[in-house]
Amino acid sequence: MPAVASSNLQEINSILREHNPFSQPPILREQHVWGESFPDIESLNAHASDAVFSALDDVHVGCYSTTSIVISAESGTGKTHIISRIRHRLHQQGGALFVFANEFDADDIELSFQKLLSSSLNNIGAKEVTQWQELATEITNSALKAKNPNAKLYKPKELIAKFDKNTEQKISNLIQQINKIFCRRNNIQDPDIIKAILWNLASDQANYATNWLAGMELAQYKAIELKLPTQRQSFDTIVQILRCISQFNQLVVCFDELEDDNCNSSNGLKVAQSVAYFVKKLFENIHRGVILTTIHPGCWKRNIKDALPKSILERMTAHGKPYELDYMDSKAVIELVSFSLKGFYQSRGIIPPETIYPFEKNTLEKLGRERPTARQVLEWCKQNFDSFIPNEDSQLLNPPFRKDESSAMEILKVRDAFNLEESSIMNSFWEQNKKIGNALLFNFKNLISLSLENVEVVEVTDLVKGKGR
């Protein structure tokens, strides 16, 4: 598609009137971690992502086997951006397998993590196959080399192609042989786990193997076909998988979105607290890995730092005090807006007069002096984009200054502050719900046999339970 000359502003403006490049909600989701990255200025908060890669280097050279890092930052400052940046750099450069854990059942953190572990390893890694298939290839080559030091070693895609050419019976026999050799040489406690990992090399069976490794139950016929038990759910399964990974590769495990206020129905722990205990267990069982936990400062202080034993904090912050994230300055705002517009313009063959067009530099610099979050900048661009596009009969390159620019930014800041305060108040209120409920019950019981607004109170009961009670 031929590029549009930068002097042809009418055509550029016509396209901009039809499409707002900032229409996408400025919130990172799981697909941005695993798929196409959200606009990311790598110089922003590089200290946090660099800490993870520095720790991986230390693990690689044997300074320590495992460490744990905490990022404590406000909403919108880029916690999930950091995780996305780490994931995409590992995908490009290799160096570690990557696990992203962001959805938890408050009543079963271990099973939640087992599912997330299996799902994460089923994503494409640095070698352009799933991370499970990378691991299965390493296991296979290790077994082949143990049997014959001069044996041919395979790349993942070569091995997958070899498996796919064989019959199911031959594949099953081959997996049995590899599994037997590997488990004998490596003192594996549960050979079924290694067998399930190897089944990922067979395209027709990979999904069944992944589900089994996630703790899901296989149909009886499929369990017989794969020579596996119907189900395997346990922390020991997680540990076996992680230890197998550590024989061949380093590991980065990222925990995110821990602010859920749901509580475990048996011990009353909130999600963040249950995950904190789980991080301690992982820390003590991962060899050659880095654990990263991102969390809101209020949640960190209220639910972990001020509430849990010192031993938990020591494991979670083994690498040092929690890292804080910076707000954006004028330079970062201009870089973010320019980067966000770059893909839009390139996809349409447009050469804009300026990389930040239709915005003007002075306006964005002023915005940066207010120290906004990245999310606030993108939201501001979304709301104000149309007002910066010149009218069809205007030939102005740069639109005039808008009086409402500052007020729009202030509205965003007030809204974010209100939402945060409202959340804090509600969290505090619900933490007291048991006391409130007991007080109401006591007073209602004193009304039994009395008449209230011509209604006689006969009985009061507390048998109706809330969710999770």
# chains A, B, ... in the order shown; residues from 1 in each chain; ligands from 1
>>> select_by_dssp(residues="range 65-245 of chain A", states="strand (DSSP E or B)", output="list in words")
Thr66, Thr67, Ser68, Ile69, Val70, Ile71, Ser72, Leu97, Phe98, Val99, Phe100, Ala101, Ile124 and Thr130 of chain A
>>> write_last_selection(atoms="N, CA and C atoms", output="PDB file, in the first residue's frame")
ATOM      1  N   THR A  66      17.246 -19.710  43.910  1.00  0.00           N
ATOM      2  CA  THR A  66      15.905 -19.129  43.762  1.00  0.00           C
ATOM      3  C   THR A  66      15.857 -17.781  44.460  1.00  0.00           C
ATOM      4  N   THR A  67      15.084 -16.865  43.934  1.00  0.00           N
ATOM      5  CA  THR A  67      14.828 -15.610  44.636  1.00  0.00           C
ATOM      6  C   THR A  67      13.404 -15.164  44.353  1.00  0.00           C
ATOM      7  N   SER A  68      12.952 -14.191  45.124  1.00  0.00           N
ATOM      8  CA  SER A  68      11.567 -13.728  45.008  1.00  0.00           C
ATOM      9  C   SER A  68      11.540 -12.214  45.074  1.00  0.00           C
ATOM     10  N   ILE A  69      10.766 -11.600  44.168  1.00  0.00           N
ATOM     11  CA  ILE A  69      10.710 -10.146  44.012  1.00  0.00           C
ATOM     12  C   ILE A  69       9.264  -9.682  44.139  1.00  0.00           C
ATOM     13  N   VAL A  70       9.057  -8.544  44.785  1.00  0.00           N
ATOM     14  CA  VAL A  70       7.725  -7.939  44.906  1.00  0.00           C
ATOM     15  C   VAL A  70       7.736  -6.567  44.252  1.00  0.00           C
ATOM     16  N   ILE A  71       6.721  -6.299  43.438  1.00  0.00           N
ATOM     17  CA  ILE A  71       6.467  -4.959  42.914  1.00  0.00           C
ATOM     18  C   ILE A  71       5.187  -4.461  43.568  1.00  0.00           C
ATOM     19  N   SER A  72       5.300  -3.382  44.336  1.00  0.00           N
ATOM     20  CA  SER A  72       4.146  -2.804  45.024  1.00  0.00           C
ATOM     21  C   SER A  72       3.869  -1.441  44.411  1.00  0.00           C
ATOM     22  N   LEU A  97      11.611 -20.569  31.125  1.00  0.00           N
ATOM     23  CA  LEU A  97      10.195 -20.804  30.872  1.00  0.00           C
ATOM     24  C   LEU A  97       9.398 -19.831  31.729  1.00  0.00           C
ATOM     25  N   PHE A  98       8.175 -19.526  31.295  1.00  0.00           N
ATOM     26  CA  PHE A  98       7.412 -18.441  31.906  1.00  0.00           C
ATOM     27  C   PHE A  98       6.033 -18.934  32.340  1.00  0.00           C
ATOM     28  N   VAL A  99       5.656 -18.579  33.571  1.00  0.00           N
ATOM     29  CA  VAL A  99       4.349 -18.945  34.111  1.00  0.00           C
ATOM     30  C   VAL A  99       3.657 -17.678  34.605  1.00  0.00           C
ATOM     31  N   PHE A 100       2.400 -17.500  34.190  1.00  0.00           N
ATOM     32  CA  PHE A 100       1.607 -16.332  34.589  1.00  0.00           C
ATOM     33  C   PHE A 100       0.405 -16.796  35.390  1.00  0.00           C
ATOM     34  N   ALA A 101       0.319 -16.367  36.644  1.00  0.00           N
ATOM     35  CA  ALA A 101      -0.755 -16.803  37.545  1.00  0.00           C
ATOM     36  C   ALA A 101      -1.558 -15.592  37.987  1.00  0.00           C
ATOM     37  N   ILE A 124       3.100 -20.749  23.511  1.00  0.00           N
ATOM     38  CA  ILE A 124       4.301 -20.833  22.683  1.00  0.00           C
ATOM     39  C   ILE A 124       5.473 -20.158  23.381  1.00  0.00           C
ATOM     40  N   THR A 130       5.126 -25.100  22.028  1.00  0.00           N
ATOM     41  CA  THR A 130       4.674 -24.836  23.391  1.00  0.00           C
ATOM     42  C   THR A 130       5.807 -25.106  24.376  1.00  0.00           C
TER      43      THR A 130
END
>>> residues_around(residues="Ile27 in chain A", least_positions_apart="3", cutoff="12 Å", atoms="only C-alpha atoms", output="mmCIF file with N, CA, C and O atoms, in the first residue's frame")
data_model
loop_
_atom_site.group_PDB
_atom_site.id
_atom_site.type_symbol
_atom_site.label_atom_id
_atom_site.label_comp_id
_atom_site.auth_asym_id
_atom_site.auth_seq_id
_atom_site.Cartn_x
_atom_site.Cartn_y
_atom_site.Cartn_z
ATOM 1 N N PHE A 22 -6.883 5.260 20.015
ATOM 2 C CA PHE A 22 -6.872 5.018 21.458
ATOM 3 C C PHE A 22 -8.199 4.441 21.950
ATOM 4 O O PHE A 22 -8.489 4.486 23.142
ATOM 5 N N SER A 23 -8.984 3.899 21.018
ATOM 6 C CA SER A 23 -10.299 3.381 21.400
ATOM 7 C C SER A 23 -10.211 2.128 22.255
ATOM 8 O O SER A 23 -11.131 1.799 23.006
ATOM 9 N N GLN A 24 -9.101 1.393 22.160
ATOM 10 C CA GLN A 24 -8.933 0.179 22.971
ATOM 11 C C GLN A 24 -8.840 0.568 24.446
ATOM 12 O O GLN A 24 -8.101 1.481 24.809
ATOM 13 N N GLU A 30 -4.879 -10.669 30.093
ATOM 14 C CA GLU A 30 -4.015 -11.836 29.909
ATOM 15 C C GLU A 30 -3.541 -11.967 28.469
ATOM 16 O O GLU A 30 -2.403 -12.376 28.210
ATOM 17 N N GLN A 31 -4.404 -11.610 27.493
ATOM 18 C CA GLN A 31 -4.005 -11.769 26.097
ATOM 19 C C GLN A 31 -2.830 -10.865 25.731
ATOM 20 O O GLN A 31 -2.076 -11.153 24.806
ATOM 21 N N HIS A 32 -2.654 -9.751 26.467
ATOM 22 C CA HIS A 32 -1.523 -8.872 26.200
ATOM 23 C C HIS A 32 -0.223 -9.445 26.762
ATOM 24 O O HIS A 32 0.854 -9.074 26.315
ATOM 25 N N VAL A 33 -0.338 -10.317 27.742
ATOM 26 C CA VAL A 33 0.855 -10.981 28.275
ATOM 27 C C VAL A 33 1.322 -12.056 27.313
ATOM 28 O O VAL A 33 2.503 -12.155 26.987
ATOM 29 N N SER A 37 1.730 -7.489 22.410
ATOM 30 C CA SER A 37 1.983 -6.644 23.575
ATOM 31 C C SER A 37 1.234 -5.325 23.472
ATOM 32 O O SER A 37 0.992 -4.804 22.388
ATOM 33 N N PHE A 38 0.870 -4.785 24.624
ATOM 34 C CA PHE A 38 0.300 -3.449 24.724
ATOM 35 C C PHE A 38 1.434 -2.442 24.514
ATOM 36 O O PHE A 38 2.606 -2.784 24.710
ATOM 37 N N PRO A 39 1.160 -1.200 24.079
ATOM 38 C CA PRO A 39 2.238 -0.219 23.937
ATOM 39 C C PRO A 39 3.097 -0.150 25.199
ATOM 40 O O PRO A 39 2.588 0.022 26.305
ATOM 41 N N SER A 75 -2.621 1.222 41.045
ATOM 42 C CA SER A 75 -3.295 0.798 39.830
ATOM 43 C C SER A 75 -2.963 1.761 38.697
ATOM 44 O O SER A 75 -2.954 2.978 38.877
ATOM 45 N N GLY A 76 -2.685 1.197 37.518
ATOM 46 C CA GLY A 76 -2.438 2.012 36.341
ATOM 47 C C GLY A 76 -0.996 2.416 36.131
ATOM 48 O O GLY A 76 -0.656 2.998 35.105
ATOM 49 N N THR A 77 -0.108 2.130 37.112
ATOM 50 C CA THR A 77 1.291 2.535 36.962
ATOM 51 C C THR A 77 2.098 1.538 36.134
ATOM 52 O O THR A 77 3.224 1.849 35.739
ATOM 53 N N GLY A 78 1.545 0.339 35.876
ATOM 54 C CA GLY A 78 2.230 -0.554 34.943
ATOM 55 C C GLY A 78 2.694 -1.880 35.500
ATOM 56 O O GLY A 78 3.646 -2.469 34.973
ATOM 57 N N LYS A 79 2.035 -2.413 36.530
ATOM 58 C CA LYS A 79 2.464 -3.705 37.091
ATOM 59 C C LYS A 79 2.364 -4.814 36.047
ATOM 60 O O LYS A 79 3.309 -5.583 35.837
ATOM 61 N N THR A 80 1.207 -4.911 35.397
ATOM 62 C CA THR A 80 1.034 -5.956 34.382
ATOM 63 C C THR A 80 1.860 -5.648 33.137
ATOM 64 O O THR A 80 2.278 -6.562 32.417
ATOM 65 N N HIS A 81 2.127 -4.358 32.868
ATOM 66 C CA HIS A 81 3.034 -3.999 31.782
ATOM 67 C C HIS A 81 4.408 -4.635 31.993
ATOM 68 O O HIS A 81 5.034 -5.129 31.048
ATOM 69 N N THR A 373 -0.442 8.359 35.481
ATOM 70 C CA THR A 373 -0.099 6.967 35.196
ATOM 71 C C THR A 373 -0.241 6.745 33.692
ATOM 72 O O THR A 373 -0.877 7.529 32.989
ATOM 73 N N ALA A 374 0.328 5.669 33.208
ATOM 74 C CA ALA A 374 0.197 5.336 31.784
ATOM 75 C C ALA A 374 -1.270 5.147 31.412
ATOM 76 O O ALA A 374 -1.713 5.575 30.342
ATOM 77 N N ARG A 375 -2.026 4.548 32.298
ATOM 78 C CA ARG A 375 -3.444 4.323 32.021
ATOM 79 C C ARG A 375 -4.189 5.650 31.895
ATOM 80 O O ARG A 375 -5.053 5.814 31.027
ATOM 81 N N GLN A 376 -3.844 6.609 32.748
ATOM 82 C CA GLN A 376 -4.498 7.908 32.681
ATOM 83 C C GLN A 376 -4.154 8.647 31.387
ATOM 84 O O GLN A 376 -5.003 9.321 30.803
ATOM 85 N N VAL A 377 -2.910 8.505 30.932
ATOM 86 C CA VAL A 377 -2.510 9.148 29.682
ATOM 87 C C VAL A 377 -3.307 8.590 28.514
ATOM 88 O O VAL A 377 -3.849 9.326 27.683
ATOM 89 N N LEU A 378 -3.395 7.260 28.434
ATOM 90 C CA LEU A 378 -4.116 6.634 27.330
ATOM 91 C C LEU A 378 -5.611 6.949 27.396
ATOM 92 O O LEU A 378 -6.255 7.131 26.356
ATOM 93 N N GLU A 379 -6.156 7.025 28.599
ATOM 94 C CA GLU A 379 -7.563 7.379 28.746
ATOM 95 C C GLU A 379 -7.783 8.836 28.326
ATOM 96 O O GLU A 379 -8.777 9.158 27.657
#
>>> residues_around(residues="range 355-371 of chain A", least_positions_apart="4", cutoff="6 Å", atoms="only C-alpha atoms", output="ChimeraX atom specification")
/A:327-330,333,338,388-389
>>> write_last_selection(atoms="N, CA and C atoms", output="tab-separated table (two decimals), in the first residue's frame")
chain	number	residue	atom	x	y	z
A	327	TYR	N	5.69	7.23	38.15
A	327	TYR	CA	4.67	7.85	37.32
A	327	TYR	C	5.35	8.44	36.09
A	328	MET	N	4.57	8.78	35.09
A	328	MET	CA	5.14	9.26	33.84
A	328	MET	C	5.54	10.73	33.94
A	329	ASP	N	6.63	11.08	33.22
A	329	ASP	CA	7.01	12.48	33.07
A	329	ASP	C	6.72	12.91	31.63
A	330	SER	N	7.09	14.13	31.28
A	330	SER	CA	6.76	14.66	29.95
A	330	SER	C	7.37	13.82	28.84
A	333	VAL	N	5.47	10.53	28.46
A	333	VAL	CA	4.14	10.73	27.86
A	333	VAL	C	4.27	10.84	26.35
A	338	SER	N	3.52	8.58	21.04
A	338	SER	CA	4.16	8.32	19.75
A	338	SER	C	4.15	6.83	19.43
A	388	PHE	N	-8.66	17.23	18.75
A	388	PHE	CA	-7.39	17.68	18.21
A	388	PHE	C	-7.31	17.55	16.69
A	389	ILE	N	-8.30	16.96	16.08
A	389	ILE	CA	-8.29	16.81	14.63
A	389	ILE	C	-8.86	18.08	14.01
>>> select_by_dssp(residues="range 58-200 of chain A", states="alpha helix (DSSP H)", output="NGL selection string")
:A and (58-60 or 79-93 or 109-121 or 131-147 or 156-165 or 168-186 or 191-198)
>>> atom_distance(atom1="CA of Asn285 in chain A", atom2="CA of Ser311 in chain A")
15.3 Å
>>> atom_distance(atom1="CA of Tyr277 in chain A", atom2="CA of Glu257 in chain A")
15.9 Å
>>> residues_around(residues="Ala206 in chain A", least_positions_apart="6", cutoff="10 Å", atoms="only C-alpha atoms", output="ChimeraX atom specification")
/A:122,132-133,196-200,212
>>> write_last_selection(atoms="N, CA, C and O atoms", output="mmCIF file, in the first residue's frame")
data_model
loop_
_atom_site.group_PDB
_atom_site.id
_atom_site.type_symbol
_atom_site.label_atom_id
_atom_site.label_comp_id
_atom_site.auth_asym_id
_atom_site.auth_seq_id
_atom_site.Cartn_x
_atom_site.Cartn_y
_atom_site.Cartn_z
ATOM 1 N N ASN A 122 1.483 -24.343 28.178
ATOM 2 C CA ASN A 122 0.890 -24.704 26.894
ATOM 3 C C ASN A 122 0.933 -23.546 25.897
ATOM 4 O O ASN A 122 0.461 -23.677 24.774
ATOM 5 N N TRP A 132 5.564 -26.755 27.047
ATOM 6 C CA TRP A 132 5.507 -28.178 27.369
ATOM 7 C C TRP A 132 6.346 -28.976 26.364
ATOM 8 O O TRP A 132 7.074 -29.905 26.733
ATOM 9 N N GLN A 133 6.221 -28.630 25.095
ATOM 10 C CA GLN A 133 6.965 -29.361 24.057
ATOM 11 C C GLN A 133 8.464 -29.099 24.145
ATOM 12 O O GLN A 133 9.273 -29.988 23.863
ATOM 13 N N ALA A 196 3.162 -37.927 30.962
ATOM 14 C CA ALA A 196 2.184 -36.947 30.485
ATOM 15 C C ALA A 196 2.878 -35.797 29.760
ATOM 16 O O ALA A 196 2.376 -35.293 28.743
ATOM 17 N N ILE A 197 4.020 -35.363 30.260
ATOM 18 C CA ILE A 197 4.775 -34.303 29.585
ATOM 19 C C ILE A 197 5.189 -34.760 28.191
ATOM 20 O O ILE A 197 5.075 -34.016 27.207
ATOM 21 N N LEU A 198 5.645 -35.997 28.076
ATOM 22 C CA LEU A 198 6.084 -36.532 26.783
ATOM 23 C C LEU A 198 4.934 -36.627 25.783
ATOM 24 O O LEU A 198 5.139 -36.465 24.570
ATOM 25 N N TRP A 199 3.723 -36.879 26.264
ATOM 26 C CA TRP A 199 2.572 -36.983 25.363
ATOM 27 C C TRP A 199 2.291 -35.657 24.641
ATOM 28 O O TRP A 199 1.579 -35.623 23.644
ATOM 29 N N ASN A 200 2.858 -34.552 25.144
ATOM 30 C CA ASN A 200 2.695 -33.270 24.459
ATOM 31 C C ASN A 200 3.370 -33.237 23.102
ATOM 32 O O ASN A 200 3.099 -32.352 22.287
ATOM 33 N N TRP A 212 -4.599 -33.213 31.833
ATOM 34 C CA TRP A 212 -4.242 -34.114 32.946
ATOM 35 C C TRP A 212 -3.210 -33.445 33.843
ATOM 36 O O TRP A 212 -3.314 -33.505 35.080
#
>>> decode(residues="range 254-369 of chain A", atoms="C-alpha atoms", output="compact mmCIF listing (two decimals), in the first residue's frame")
# COMPACT_ATOMS: atom_id res chain seq x y z
CA CYS A 254 4.60 -14.15 37.96
CA PHE A 255 1.67 -13.60 40.33
CA ASP A 256 -0.72 -10.78 39.46
CA GLU A 257 -4.19 -9.43 40.35
CA LEU A 258 -4.18 -10.45 44.01
CA GLU A 259 -6.58 -7.75 45.23
CA ASP A 260 -9.62 -10.08 45.18
CA ASP A 261 -11.30 -9.82 48.61
CA ASN A 262 -12.83 -13.31 48.52
CA CYS A 263 -11.84 -15.39 51.54
CA ASN A 264 -11.06 -19.05 52.02
CA SER A 265 -14.16 -20.55 53.63
CA SER A 266 -12.16 -22.73 56.04
CA ASN A 267 -9.35 -20.46 57.27
CA GLY A 268 -10.62 -16.96 56.40
CA LEU A 269 -7.50 -16.02 54.43
CA LYS A 270 -7.92 -13.61 51.55
CA VAL A 271 -6.57 -14.47 48.11
CA ALA A 272 -3.44 -12.34 48.55
CA GLN A 273 -2.70 -14.02 51.88
CA SER A 274 -3.22 -17.54 50.52
CA VAL A 275 -0.98 -16.74 47.55
CA ALA A 276 1.67 -15.37 49.95
CA TYR A 277 1.73 -18.68 51.83
CA PHE A 278 1.90 -20.47 48.49
CA VAL A 279 4.83 -18.31 47.33
CA LYS A 280 6.71 -19.44 50.43
CA LYS A 281 6.12 -23.08 49.47
CA LEU A 282 7.22 -22.44 45.90
CA PHE A 283 10.31 -20.59 47.09
CA GLU A 284 11.31 -23.65 49.08
CA ASN A 285 10.73 -26.05 46.18
CA ILE A 286 11.85 -24.21 43.01
CA HIS A 287 15.44 -24.72 41.97
CA ARG A 288 16.74 -22.21 39.39
CA GLY A 289 13.87 -19.75 39.33
CA VAL A 290 12.56 -16.25 40.04
CA ILE A 291 9.17 -15.56 41.62
CA LEU A 292 7.62 -12.15 40.92
CA THR A 293 4.57 -10.87 42.81
CA THR A 294 2.82 -7.63 41.81
CA ILE A 295 0.39 -6.09 44.26
CA HIS A 296 -1.33 -2.84 45.21
CA PRO A 297 0.43 -1.05 48.15
CA GLY A 298 -2.70 -1.04 50.30
CA CYS A 299 -3.27 -4.76 49.79
CA TRP A 300 0.41 -5.46 50.45
CA LYS A 301 0.43 -3.55 53.75
CA ARG A 302 -3.01 -4.55 55.02
CA ASN A 303 -3.16 -8.21 54.00
CA ILE A 304 0.48 -9.31 53.96
CA LYS A 305 3.05 -7.02 55.60
CA ASP A 306 0.96 -6.24 58.70
CA ALA A 307 -0.91 -9.55 58.86
CA LEU A 308 1.38 -12.49 58.07
CA PRO A 309 4.39 -14.06 59.81
CA LYS A 310 7.85 -12.66 59.17
CA SER A 311 8.91 -15.89 57.47
CA ILE A 312 6.40 -15.23 54.67
CA LEU A 313 7.71 -11.70 54.10
CA GLU A 314 11.31 -12.92 54.07
CA ARG A 315 10.56 -15.42 51.28
CA MET A 316 8.47 -13.00 49.22
CA THR A 317 11.09 -10.23 49.41
CA ALA A 318 14.20 -12.39 49.29
CA HIS A 319 15.64 -10.12 46.58
CA GLY A 320 15.10 -6.95 48.62
CA LYS A 321 12.45 -4.42 49.55
CA PRO A 322 9.41 -4.17 47.22
CA TYR A 323 10.04 -2.21 44.04
CA GLU A 324 7.90 0.85 43.43
CA LEU A 325 6.92 2.04 39.96
CA ASP A 326 7.36 5.57 38.66
CA TYR A 327 4.67 7.85 37.32
CA MET A 328 5.14 9.26 33.84
CA ASP A 329 7.01 12.48 33.07
CA SER A 330 6.76 14.66 29.95
CA LYS A 331 9.30 12.63 27.99
CA ALA A 332 7.58 9.33 28.82
CA VAL A 333 4.14 10.73 27.86
CA ILE A 334 5.43 11.80 24.44
CA GLU A 335 7.11 8.40 23.93
CA LEU A 336 3.94 6.52 24.91
CA VAL A 337 1.68 8.57 22.63
CA SER A 338 4.16 8.32 19.75
CA PHE A 339 4.52 4.57 20.22
CA SER A 340 0.74 4.09 20.43
CA LEU A 341 0.21 6.00 17.16
CA LYS A 342 3.11 4.34 15.33
CA GLY A 343 1.39 1.01 14.75
CA PHE A 344 -1.85 2.71 13.73
CA TYR A 345 -0.13 4.83 11.11
CA GLN A 346 2.10 2.03 9.80
CA SER A 347 -0.80 -0.38 9.35
CA ARG A 348 -2.49 2.17 7.09
CA GLY A 349 0.59 3.26 5.17
CA ILE A 350 0.44 6.76 6.63
CA ILE A 351 3.43 9.03 7.18
CA PRO A 352 2.22 11.64 9.69
CA PRO A 353 3.71 15.14 9.81
CA GLU A 354 4.81 14.34 13.39
CA THR A 355 4.90 11.07 15.29
CA ILE A 356 2.45 12.46 17.87
CA TYR A 357 0.06 14.00 15.31
CA PRO A 358 -2.67 15.21 15.83
CA PHE A 359 -1.49 16.08 19.36
CA GLU A 360 1.00 18.85 19.96
CA LYS A 361 4.19 18.57 21.95
CA ASN A 362 3.47 21.41 24.38
CA THR A 363 0.14 19.87 25.37
CA LEU A 364 1.67 16.45 26.05
CA GLU A 365 4.55 17.99 28.00
CA LYS A 366 2.02 19.82 30.16
CA LEU A 367 0.19 16.55 30.70
CA GLY A 368 3.45 14.89 31.76
CA ARG A 369 4.13 17.57 34.37
